[in-house]
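Enquirer: Handing over coords-v1.pdb, PDB, C-alpha atoms.
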```pdb
ATOM      1  CA  MET A 925      14.622 -31.261 -42.928
ATOM      2  CA  SER A 926      16.090 -31.667 -46.400
ATOM      3  CA  ALA A 927      14.363 -28.371 -47.234
ATOM      4  CA  LEU A 928      17.189 -26.440 -45.549
ATOM      5  CA  PRO A 929      18.911 -24.532 -48.358
ATOM      6  CA  HIS A 930      22.678 -24.847 -48.843
ATOM      7  CA  LEU A 931      22.842 -27.485 -46.101
ATOM      8  CA  GLN A 932      25.810 -29.411 -47.517
ATOM      9  CA  GLU A 933      27.873 -26.262 -48.123
ATOM     10  CA  ILE A 934      27.064 -24.914 -44.647
ATOM     11  CA  PHE A 935      27.911 -28.208 -42.962
ATOM     12  CA  ASP A 936      31.176 -28.626 -44.889
ATOM     13  CA  ARG A 937      32.391 -25.112 -44.105
ATOM     14  CA  LEU A 938      31.399 -25.087 -40.440
ATOM     15  CA  ARG A 939      32.771 -28.595 -39.835
ATOM     16  CA  ARG A 940      36.189 -27.468 -41.129
ATOM     17  CA  GLY A 941      36.178 -24.741 -38.473
ATOM     18  CA  CYS A 942      35.081 -21.926 -40.753
ATOM     19  CA  HIS A 943      32.802 -19.124 -39.652
ATOM     20  CA  LEU A 944      29.888 -17.875 -41.728
ATOM     21  CA  SER A 945      29.522 -14.112 -41.938
ATOM     22  CA  PRO A 946      27.717 -11.722 -44.300
ATOM     23  CA  GLN A 947      30.574 -12.153 -46.810
ATOM     24  CA  ASP A 948      29.570 -15.824 -47.206
ATOM     25  CA  GLU A 949      26.436 -15.499 -49.290
ATOM     26  CA  PRO A 950      24.083 -17.228 -49.884
ATOM     27  CA  ALA A 951      24.966 -19.649 -47.043
ATOM     28  CA  PHE A 952      25.005 -16.917 -44.387
ATOM     29  CA  SER A 953      21.513 -15.647 -45.253
ATOM     30  CA  ALA A 954      20.138 -19.191 -45.226
ATOM     31  CA  VAL A 955      21.405 -19.813 -41.683
ATOM     32  CA  ALA A 956      20.466 -16.323 -40.464
ATOM     33  CA  ALA A 957      16.896 -16.740 -41.708
ATOM     34  CA  ASN A 958      16.407 -20.163 -40.119
ATOM     35  CA  HIS A 959      19.008 -20.553 -37.367
ATOM     36  CA  GLU A 960      16.839 -22.722 -35.113
ATOM     37  CA  ALA A 961      16.123 -25.277 -37.847
ATOM     38  CA  TYR A 962      19.812 -25.598 -38.723
ATOM     39  CA  ALA A 963      20.719 -25.888 -35.028
ATOM     40  CA  GLU A 964      18.118 -28.644 -34.589
ATOM     41  CA  TYR A 965      19.424 -30.465 -37.656
ATOM     42  CA  PHE A 966      23.043 -30.431 -36.421
ATOM     43  CA  ALA A 967      22.264 -31.241 -32.751
ATOM     44  CA  PRO A 968      21.797 -35.038 -33.213
ATOM     45  CA  LEU A 969      25.250 -35.060 -34.834
ATOM     46  CA  GLY A 970      26.683 -33.671 -31.596
ATOM     47  CA  LEU A 971      27.296 -30.263 -33.168
ATOM     48  CA  THR A 972      26.205 -27.009 -31.559
ATOM     49  CA  LEU A 973      25.566 -24.187 -34.004
ATOM     50  CA  VAL A 974      26.445 -20.874 -32.350
ATOM     51  CA  ARG A 975      24.987 -17.538 -33.424
ATOM     52  CA  HIS A 976      27.428 -14.919 -32.187
ATOM     53  CA  PRO A 977      25.884 -11.614 -31.001
ATOM     54  CA  ARG A 978      27.845  -9.835 -33.745
ATOM     55  CA  GLU A 979      25.932 -11.881 -36.317
ATOM     56  CA  PHE A 980      28.119 -14.716 -37.563
ATOM     57  CA  PHE A 981      27.910 -18.491 -37.103
ATOM     58  CA  TYR A 982      30.245 -21.327 -36.117
ATOM     59  CA  PHE A 983      30.193 -24.745 -34.502
ATOM     60  CA  GLU A 984      31.061 -24.830 -30.810
ATOM     61  CA  PRO A 985      34.480 -26.516 -30.522
ATOM     62  CA  GLU A 986      34.195 -30.166 -29.515
ATOM     63  CA  ALA A 987      37.019 -30.299 -26.988
ATOM     64  CA  ALA A 988      38.402 -27.213 -25.307
ATOM     65  CA  GLU A 989      41.437 -29.245 -24.213
ATOM     66  CA  SER A 990      42.630 -29.865 -27.776
ATOM     67  CA  ILE A 991      44.053 -26.551 -28.929
ATOM     68  CA  PRO A 992      45.214 -26.488 -32.552
ATOM     69  CA  ASP A 993      48.843 -25.420 -32.938
ATOM     70  CA  THR A 994      47.700 -22.455 -35.025
ATOM     71  CA  LEU A 995      45.663 -20.892 -32.214
ATOM     72  CA  PRO A 996      48.657 -19.671 -30.152
ATOM     73  CA  ARG A 997      50.116 -18.160 -33.334
ATOM     74  CA  ILE A 998      46.845 -16.373 -34.072
ATOM     75  CA  ALA A 999      46.690 -15.150 -30.461
ATOM     76  CA  VAL A1000      50.230 -13.718 -30.575
ATOM     77  CA  PHE A1001      49.628 -12.194 -34.010
ATOM     78  CA  SER A1002      46.441 -10.530 -32.706
ATOM     79  CA  PHE A1003      48.017  -9.399 -29.429
ATOM     80  CA  ILE A1004      50.795  -7.616 -31.311
ATOM     81  CA  LEU A1005      48.308  -5.698 -33.480
ATOM     82  CA  ILE A1006      46.214  -4.786 -30.435
ATOM     83  CA  ASP A1007      49.299  -3.704 -28.485
ATOM     84  CA  HIS A1008      50.568  -1.674 -31.433
ATOM     85  CA  ALA A1009      47.216   0.130 -31.787
ATOM     86  CA  ALA A1010      47.016   0.790 -28.042
ATOM     87  CA  ASN A1011      50.580   2.138 -27.914
ATOM     88  CA  ALA A1012      49.770   4.467 -30.812
ATOM     89  CA  GLY A1013      46.697   5.741 -28.940
ATOM     90  CA  ARG A1014      44.316   4.468 -31.612
ATOM     91  CA  PRO A1015      40.834   3.101 -30.860
ATOM     92  CA  ILE A1016      41.626  -0.619 -31.047
ATOM     93  CA  GLU A1017      38.366  -1.991 -32.424
ATOM     94  CA  GLU A1018      38.128   0.707 -35.082
ATOM     95  CA  PHE A1019      41.806   0.236 -35.987
ATOM     96  CA  LEU A1020      41.470  -3.518 -36.437
ATOM     97  CA  LEU A1021      38.052  -3.874 -37.993
ATOM     98  CA  ASN A1022      37.628  -0.811 -40.194
ATOM     99  CA  GLN A1023      40.717  -0.734 -42.368
ATOM    100  CA  HIS A1024      42.894  -2.733 -44.727
ATOM    101  CA  PHE A1025      46.383  -3.910 -43.794
ATOM    102  CA  PHE A1026      49.419  -4.701 -45.907
ATOM    103  CA  ILE A1027      51.484  -7.662 -44.772
ATOM    104  CA  SER A1028      54.725  -5.797 -45.541
ATOM    105  CA  LYS A1029      53.677  -2.931 -43.221
ATOM    106  CA  LEU A1030      52.608  -4.979 -40.197
ATOM    107  CA  PRO A1031      54.358  -4.003 -36.931
ATOM    108  CA  HIS A1032      55.183  -7.588 -35.949
ATOM    109  CA  PHE A1033      58.952  -7.331 -36.478
ATOM    110  CA  SER A1034      59.279  -3.620 -35.635
ATOM    111  CA  LEU A1035      60.133  -4.242 -31.966
ATOM    112  CA  VAL A1036      62.478  -6.796 -30.426
ATOM    113  CA  SER A1037      59.751  -7.751 -27.936
ATOM    114  CA  TYR A1038      57.277  -8.485 -30.752
ATOM    115  CA  ALA A1039      59.824 -10.618 -32.612
ATOM    116  CA  ALA A1040      60.571 -12.506 -29.377
ATOM    117  CA  LEU A1041      56.874 -13.257 -28.877
ATOM    118  CA  LEU A1042      56.622 -14.542 -32.434
ATOM    119  CA  ARG A1043      59.671 -16.780 -31.987
ATOM    120  CA  GLN A1044      57.935 -18.384 -28.983
ATOM    121  CA  VAL A1045      55.260 -19.662 -31.383
ATOM    122  CA  GLU A1046      57.799 -20.530 -34.092
ATOM    123  CA  VAL A1047      57.135 -17.588 -36.387
ATOM    124  CA  GLU A1048      60.462 -16.291 -37.666
ATOM    125  CA  ASP A1049      59.651 -14.101 -40.658
ATOM    126  CA  VAL A1050      57.025 -12.480 -42.865
ATOM    127  CA  ALA A1051      56.349 -15.848 -44.523
ATOM    128  CA  GLY A1052      55.250 -17.092 -41.083
ATOM    129  CA  LEU A1053      52.878 -14.126 -40.736
ATOM    130  CA  ARG A1054      51.471 -14.927 -44.163
ATOM    131  CA  GLN A1055      50.803 -18.533 -43.051
ATOM    132  CA  ILE A1056      48.921 -17.284 -39.987
ATOM    133  CA  LEU A1057      46.830 -14.971 -42.148
ATOM    134  CA  LYS A1058      46.073 -17.719 -44.671
ATOM    135  CA  HIS A1059      44.846 -19.914 -41.818
ATOM    136  CA  MET A1060      42.716 -17.034 -40.521
ATOM    137  CA  GLU A1061      41.319 -16.674 -44.042
ATOM    138  CA  ARG A1062      40.315 -20.371 -44.049
ATOM    139  CA  LEU A1063      38.508 -19.765 -40.748
ATOM    140  CA  GLY A1064      36.652 -16.793 -42.226
ATOM    141  CA  TRP A1065      38.395 -14.256 -39.982
ATOM    142  CA  VAL A1066      40.219 -12.284 -42.688
ATOM    143  CA  LYS A1067      39.681 -11.564 -46.362
ATOM    144  CA  PHE A1068      42.500 -10.921 -48.799
ATOM    145  CA  HIS A1069      42.220  -8.290 -51.530
ATOM    146  CA  GLY A1070      45.267  -9.291 -53.558
ATOM    147  CA  GLU A1071      48.494 -10.880 -52.300
ATOM    148  CA  GLU A1072      49.439  -8.297 -49.655
ATOM    149  CA  ASP A1073      46.232  -6.482 -48.752
ATOM    150  CA  PHE A1074      43.776  -7.920 -46.216
ATOM    151  CA  ARG A1075      41.127  -6.872 -43.739
ATOM    152  CA  PHE A1076      39.575  -8.504 -40.709
ATOM    153  CA  LEU A1077      36.033  -9.838 -40.966
ATOM    154  CA  ARG A1078      33.287  -9.879 -38.356
ATOM    155  CA  PRO A1079      34.192 -13.359 -36.971
ATOM    156  CA  PHE A1080      37.573 -11.957 -35.861
ATOM    157  CA  HIS A1081      35.565 -10.638 -32.908
ATOM    158  CA  ARG A1082      35.955 -14.095 -31.327
ATOM    159  CA  VAL A1083      39.679 -13.397 -30.922
ATOM    160  CA  PHE A1084      39.265  -9.692 -30.251
ATOM    161  CA  ASP A1085      36.605 -10.226 -27.561
ATOM    162  CA  LYS A1086      38.752 -12.911 -25.884
ATOM    163  CA  CYS A1087      41.718 -10.506 -25.794
ATOM    164  CA  LEU A1088      39.544  -7.844 -24.151
ATOM    165  CA  GLU A1089      38.193 -10.411 -21.686
ATOM    166  CA  LEU A1090      41.706 -11.535 -20.721
ATOM    167  CA  SER A1091      42.848  -7.945 -20.397
ATOM    168  CA  ALA A1092      39.930  -7.150 -18.057
ATOM    169  CA  ALA A1093      40.543 -10.313 -16.019
ATOM    170  CA  SER A1094      44.200  -9.406 -15.560
ATOM    171  CA  GLY A1095      43.212  -5.988 -14.247
ATOM    172  CA  SER A1096      45.200  -4.169 -16.926
ATOM    173  CA  PRO A1097      43.672  -0.882 -17.985
ATOM    174  CA  GLY A1098      42.755  -0.967 -21.668
ATOM    175  CA  GLY A1099      45.737  -0.382 -23.880
ATOM    176  CA  GLU A1100      48.317  -0.296 -21.107
ATOM    177  CA  THR A1101      50.896  -2.962 -20.600
ATOM    178  CA  PRO A1102      53.102  -3.151 -17.525
ATOM    179  CA  SER A1103      56.624  -1.895 -18.202
ATOM    180  CA  SER A1104      58.271  -3.430 -15.141
ATOM    181  CA  PRO A1105      57.443  -5.994 -12.459
ATOM    182  CA  ALA A1106      55.674  -4.731  -9.363
ATOM    183  CA  GLU A1107      57.966  -4.072  -6.438
ATOM    184  CA  SER A1108      57.285  -5.697  -3.090
TER     185      SER A1108
END
```
For this file, produce the structure as structure tokens.

Expert:
Amino acid sequence: MSALPHLQEIFDRLRRGCHLSPQDEPAFSAVAANHEAYAEYFAPLGLTLVRHPREFFYFEPEAAESIPDTLPRIAVFSFILIDHAANAGRPIEEFLLNQHFFISKLPHFSLVSYAALLRQVEVEDVAGLRQILKHMERLGWVKFHGEEDFRFLRPFHRVFDKCLELSAASGSPGGETPSSPAES
């Protein structure tokens, strides 16, 4: 099994919680070309190599109960962008995954309700948004092009798909958020 190319690099990145996508060459191509062999190699270590349908790789989390403190921040950050796109009538997936964003132009502090959501996860300012984005970069979910400019990468679909799943489960029509509680 030592014939697996880039094995150490792949293991190190995936074990840290990173995702491998087409931007992560040559490691990505090595896993894509021989996914089964890598999965078999990692299995005795108790690690499950996942090939996402949108063509990126990650290790299945070990314990669903242990949620890193950064995950709620990422979820709120993502929700705000999705809500902003929906309220503007923009196609959400295209808006998020096909353009570049500038940190200084993010909508996260443009509404009192957005700022309140961010305070719930202890994000008070743009520096807090930058920390979230830097963590997402370490996971392989965003790529920076300079200090302010970033774009979402293919693995961001894990968050995006979960948001869509939760929206469907709650019965909310896509892009609409309730404006007042239901009356009895």

Enquirer: I'd like the neighbourhood of Phe966 in chain A as a PDB file with C-alpha atoms, in the frame of the given file, where a residue qualifies if any of its atoms comes within 12 Å (using only C-alpha atoms), though same-chain residues fewer than 4 positions away should be ignored.

Expert:
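Below you can see out-v4.pdb, which holds the result:
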```pdb
ATOM      1  CA  MET A 925      14.622 -31.261 -42.928  1.00  0.00           C
ATOM      2  CA  LEU A 928      17.189 -26.440 -45.549  1.00  0.00           C
ATOM      3  CA  LEU A 931      22.842 -27.485 -46.101  1.00  0.00           C
ATOM      4  CA  GLN A 932      25.810 -29.411 -47.517  1.00  0.00           C
ATOM      5  CA  ILE A 934      27.064 -24.914 -44.647  1.00  0.00           C
ATOM      6  CA  PHE A 935      27.911 -28.208 -42.962  1.00  0.00           C
ATOM      7  CA  ASP A 936      31.176 -28.626 -44.889  1.00  0.00           C
ATOM      8  CA  LEU A 938      31.399 -25.087 -40.440  1.00  0.00           C
ATOM      9  CA  ARG A 939      32.771 -28.595 -39.835  1.00  0.00           C
ATOM     10  CA  VAL A 955      21.405 -19.813 -41.683  1.00  0.00           C
ATOM     11  CA  HIS A 959      19.008 -20.553 -37.367  1.00  0.00           C
ATOM     12  CA  GLU A 960      16.839 -22.722 -35.113  1.00  0.00           C
ATOM     13  CA  ALA A 961      16.123 -25.277 -37.847  1.00  0.00           C
ATOM     14  CA  TYR A 962      19.812 -25.598 -38.723  1.00  0.00           C
ATOM     15  CA  GLY A 970      26.683 -33.671 -31.596  1.00  0.00           C
ATOM     16  CA  LEU A 971      27.296 -30.263 -33.168  1.00  0.00           C
ATOM     17  CA  THR A 972      26.205 -27.009 -31.559  1.00  0.00           C
ATOM     18  CA  LEU A 973      25.566 -24.187 -34.004  1.00  0.00           C
ATOM     19  CA  VAL A 974      26.445 -20.874 -32.350  1.00  0.00           C
ATOM     20  CA  TYR A 982      30.245 -21.327 -36.117  1.00  0.00           C
ATOM     21  CA  PHE A 983      30.193 -24.745 -34.502  1.00  0.00           C
ATOM     22  CA  GLU A 984      31.061 -24.830 -30.810  1.00  0.00           C
TER      23      GLU A 984
END
```

Enquirer: Report the distance between CA of His943 in chain A and CA of Gly1064 in chain A in Å, rounded to one decimal place.

Expert: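 Atom-to-atom, CA of His943 in chain A to CA of Gly1064 in chain A, that is 5.2 Å.
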
Enquirer: Tell me which protein, DNA and RNA residues are within 9 Å of range 991-999 of chain A, counting all atoms listed in the file, leaving out same-chain ones fewer than 4 positions away, and put them as a ChimeraX atom specification.

Expert: /A:987,1003-1004,1042,1044-1047,1053,1056-1057,1059-1060,1083,1087

Enquirer: Kindly export the residues of the current selection with C-alpha atoms, as an mmCIF file, in the frame of the given file.

Expert:
```cif
data_model
loop_
_atom_site.group_PDB
_atom_site.id
_atom_site.type_symbol
_atom_site.label_atom_id
_atom_site.label_comp_id
_atom_site.auth_asym_id
_atom_site.auth_seq_id
_atom_site.Cartn_x
_atom_site.Cartn_y
_atom_site.Cartn_z
ATOM 1 C CA ALA A 987 37.019 -30.299 -26.988
ATOM 2 C CA PHE A 1003 48.017 -9.399 -29.429
ATOM 3 C CA ILE A 1004 50.795 -7.616 -31.311
ATOM 4 C CA LEU A 1042 56.622 -14.542 -32.434
ATOM 5 C CA GLN A 1044 57.935 -18.384 -28.983
ATOM 6 C CA VAL A 1045 55.260 -19.662 -31.383
ATOM 7 C CA GLU A 1046 57.799 -20.530 -34.092
ATOM 8 C CA VAL A 1047 57.135 -17.588 -36.387
ATOM 9 C CA LEU A 1053 52.878 -14.126 -40.736
ATOM 10 C CA ILE A 1056 48.921 -17.284 -39.987
ATOM 11 C CA LEU A 1057 46.830 -14.971 -42.148
ATOM 12 C CA HIS A 1059 44.846 -19.914 -41.818
ATOM 13 C CA MET A 1060 42.716 -17.034 -40.521
ATOM 14 C CA VAL A 1083 39.679 -13.397 -30.922
ATOM 15 C CA CYS A 1087 41.718 -10.506 -25.794
#
```

Enquirer: One decimal, in Å: what's the spacing between CA of Ala1039 in chain A and CA of Phe1001 in chain A?

Expert: 10.4 Å

Enquirer: Within 12 Å of Asn1022 in chain A, counting all atoms listed in the file, which residues show up once you throw out same-chain ones fewer than 5 positions away? Write them as JSON, numbers by chain, please.

Expert: {"A": [1015, 1016, 1017, 1074, 1075, 1076, 1077, 1078, 1080]}

Enquirer: Store the residues picked out above, limited to C-alpha atoms, as a PDB file, keeping the file's coordinate frame.

Expert:
```pdb
ATOM      1  CA  PRO A1015      40.834   3.101 -30.860  1.00  0.00           C
ATOM      2  CA  ILE A1016      41.626  -0.619 -31.047  1.00  0.00           C
ATOM      3  CA  GLU A1017      38.366  -1.991 -32.424  1.00  0.00           C
ATOM      4  CA  PHE A1074      43.776  -7.920 -46.216  1.00  0.00           C
ATOM      5  CA  ARG A1075      41.127  -6.872 -43.739  1.00  0.00           C
ATOM      6  CA  PHE A1076      39.575  -8.504 -40.709  1.00  0.00           C
ATOM      7  CA  LEU A1077      36.033  -9.838 -40.966  1.00  0.00           C
ATOM      8  CA  ARG A1078      33.287  -9.879 -38.356  1.00  0.00           C
ATOM      9  CA  PHE A1080      37.573 -11.957 -35.861  1.00  0.00           C
TER      10      PHE A1080
END
```

Enquirer: Let me make sure I understand: among A:Ile1027, A:Ile1006, A:Arg1054, A:Leu1041, which one has the smallest atom-to-atom distance to Lys1086 in chain A if we use only C-alpha atoms?

Expert: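 Closest to Lys1086 in chain A of all the choices is A:Ile1006.
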
Enquirer: So how far away is CA of Glu1071 in chain A from CA of Pro946 in chain A, in Å?

Expert: 22.3 Å
